[in-house]
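Single-structure report; data block below.
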Amino acid sequence: MRRTLLICAFIASFAVVASAAVSAAPVTPIYNNIPTPLPGNLPSWGFEATGTQEFGDRVGFTTTARRLVSVTQTMSSWACQLGHWYDADCATTPGATFTHSVTMNLYNVAGTAPGTLIGTKTQTFVMPYRPSTDPIHCTGGRWYDGTDCFNGKAFTITFDFSSQNLTLPNQVIFGVAYNTTHHGYTPMGETTACFIAPPPSGGCPYDSLNVALADPATTLSAGTQPAPNDAYQDTDYSSCSNGAIHPFGLDAGCWTGFKPATEFIALQCHKGDGDGDFGDKDGHKHHAKFHQDSCGNGGGEVADDDDSGKHFQSTSTDSATYNSSADSETMTMVGTGLDDGVPVGFTMVAVDYHGLAPAIYTLTLTNGRTFTGTLLNGIVQLQ
């Protein structure tokens with residue numbers, strides 16, 4: 001109850017590809033605490049009201065596909081173009097927006113503290129003002145979405161991390177940072193046009209910008225909550241300890257049910273490696289070496305030498321597909337190459353039984369040469 005009251009009080013006080021010809025790997029949420037559908041508004045944490053510079057959470061990922069593409073953060077705008085969110089004078093032209101820069105920081109986990117910085121992204125976003133007061137359906141200056149009344153308006157912003165080639169660890173601590181008139185790492189100050197504008201101006205919209213929160217017990221659809229009662233922030237006021245937290249660090253013990261409404265999207269990366277000797281049922285042997293990374297930039301490669309002296313070397317990979325079953329992984333590569341210097345097409349299939357049985361390797365060339373063998377020594381790893 002104390003936690004809920006404190007949050008309500010502060011809300012009320014202020015508002016790649018595998019090769020040039022290979023399709024890009026699909027993407028998947030590896031953490032998601034954003035409700036679907038997004039409601040008109042959510043509980044939220046206001047930076048200007050609480051003297052906050054950075055606010056975030058510690059999250060876990062259960063999938064091995066962690067090549068980061070984007071992070072989406074839900075925000076809550078309590079800003080009115082004219083007037084104030086708590087009064088009947090709040091007026092906003094439908095569709096009106098403002099712009100503001102926000103930073104997403106990603107940290108390694110050091111015990112329970114933020115560790116070294118993994119990556120950071122700052123973007124300028126177009127953000128909505130909240131709608132005008134609806135005095136017919138609502139009280140207290142709130143707006144009406146057709147069903148419920150709200151002080152603020154929930155919306156999402158998405159940080160593009162796709163160019164940073166970040167593979168995330170099992171857990172990260174993230175922090176959302178932005179500046180307000182008096183807070184943030186570089187406060188905007190009191191000389192801005194929005195701050196000195198006379199009434200009926202609504203003031204600076206970023207002073208009524210909050211980080212939206214959701215309850216993982218009902219919302220979390222991907223990932224885990226390693227610290228379900230905690231948050232992380234750099235703030236003049238910790239609602240858990242009633243004191244300041246500087247620099248960005250753990251705010252422990254009172255955030256149950258109120259966690260940032262955030263989503264991490266990653267590439268579903270698959271990787272296959274083999275280097276070993278293979279033998280067929282007739283006693284023929286091949287030494288094969290192959291590599292494929294669906295999230296890599298260098299494409300795949302296959303090299304094969306048989307016991308008669310023939311040599312095959314791939315020159316390009318057109319496609320690579322992966323299939324999983326209860327006891328094995330299968331990778332199929334298709335492309336072109338040179339068989340003793342003569343251009344051919346190839347199909348290479350590798351099956352990894354994860355040590356339960358010897359791996360199987362098949363190479364089929366368009367000139368009719370083919371080989372299927374089991375691993376005699378070396379490695380085949382598909383994941």
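Identifiers for the structure tokens are assigned positionally: chains receive A, B, ... in sequence, residues are indexed from 1 per chain, and ligands are indexed from 1 in the order shown.
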
Interface rows for region 31-138 of chain A against region 266-285 of chain A: nearest pair, Å to one decimal, 8 Å, only C-alpha atoms, as CSV:
residue,atom,partner,partner_atom,distance
A:Ala65,CA,A:Gln268,CA,4.8
A:Arg66,CA,A:Ala266,CA,5.3
A:Arg67,CA,A:Ala266,CA,5.1
A:Leu68,CA,A:Ala266,CA,4.3
A:Val69,CA,A:Ala266,CA,4.9
A:Ser70,CA,A:Ala266,CA,7.0

### Query
What residues in region 249-335 of chain A get the DSSP label strand (DSSP E or B)? Please answer as number ranges by chain.
A: 249-251, 259-260, 262-267, 271-279, 285-293, 301-306, 311-324, 329-335

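Of the residues listed (A:Gly253, A:Gly368, A:Gly46, A:Pro114), A:Gly46 shows the shortest atom-to-atom separation from Val211 (chain A); distances use only C-alpha atoms.
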
### Query
Counting only C-alpha atoms, which of A:His287, A:Lys153, A:Arg142, A:Arg130 gets nearest to Leu38 (chain A)?
A:Lys153

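For the choices A:Asn377, A:Phe174, A:Ala326, A:Thr321, the atom-to-atom distance to Pro26 (chain A) is smallest for A:Thr321 when using only C-alpha atoms.
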
### Task
Counting only C-alpha atoms, figure out which residue out of A:Thr315, A:Asn367, A:Gln171, A:Gln81 gets nearest to Leu106 (chain A).
A:Gln171

### Task
May I have the residues within 9 Å of region 222-230 of chain A as a list of chain:residue names, using only C-alpha atoms and disregarding those fewer than 3 positions away in the same chain?
A:Pro29, A:Ile30, A:Tyr31, A:Asn32, A:Asn33, A:Asp57, A:Arg58, A:Val59, A:Gly60, A:Phe61, A:Thr62, A:Thr63, A:Thr112, A:Gln171, A:Pro216, A:Leu250, A:Asp251, A:Ala252, A:Gly253, A:Cys254, A:Trp255, A:Thr256, A:Gly257, A:Phe258, A:Lys259, A:Glu263

### Message
Let's see if you can do this: from backbone DSSP, list all alpha helix (DSSP H) residues in region 101-239 of chain A, as JSON, numbers by chain.
### Response
{"A": [193, 194, 195, 196, 216, 217, 218, 219]}

### Task
Rank A:Met75, A:Ala113, A:Ile157, A:Met188 by their smallest atom-to-atom distance to Ala231 (chain A), using only C-alpha atoms, and report the top residue only.
A:Ala113

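Minimum atom-to-atom distances from A:Thr64, A:Tyr232, A:Glu48, A:Asp327 to Asn170 (chain A) were compared using only C-alpha atoms, and the lowest value belongs to A:Thr64.
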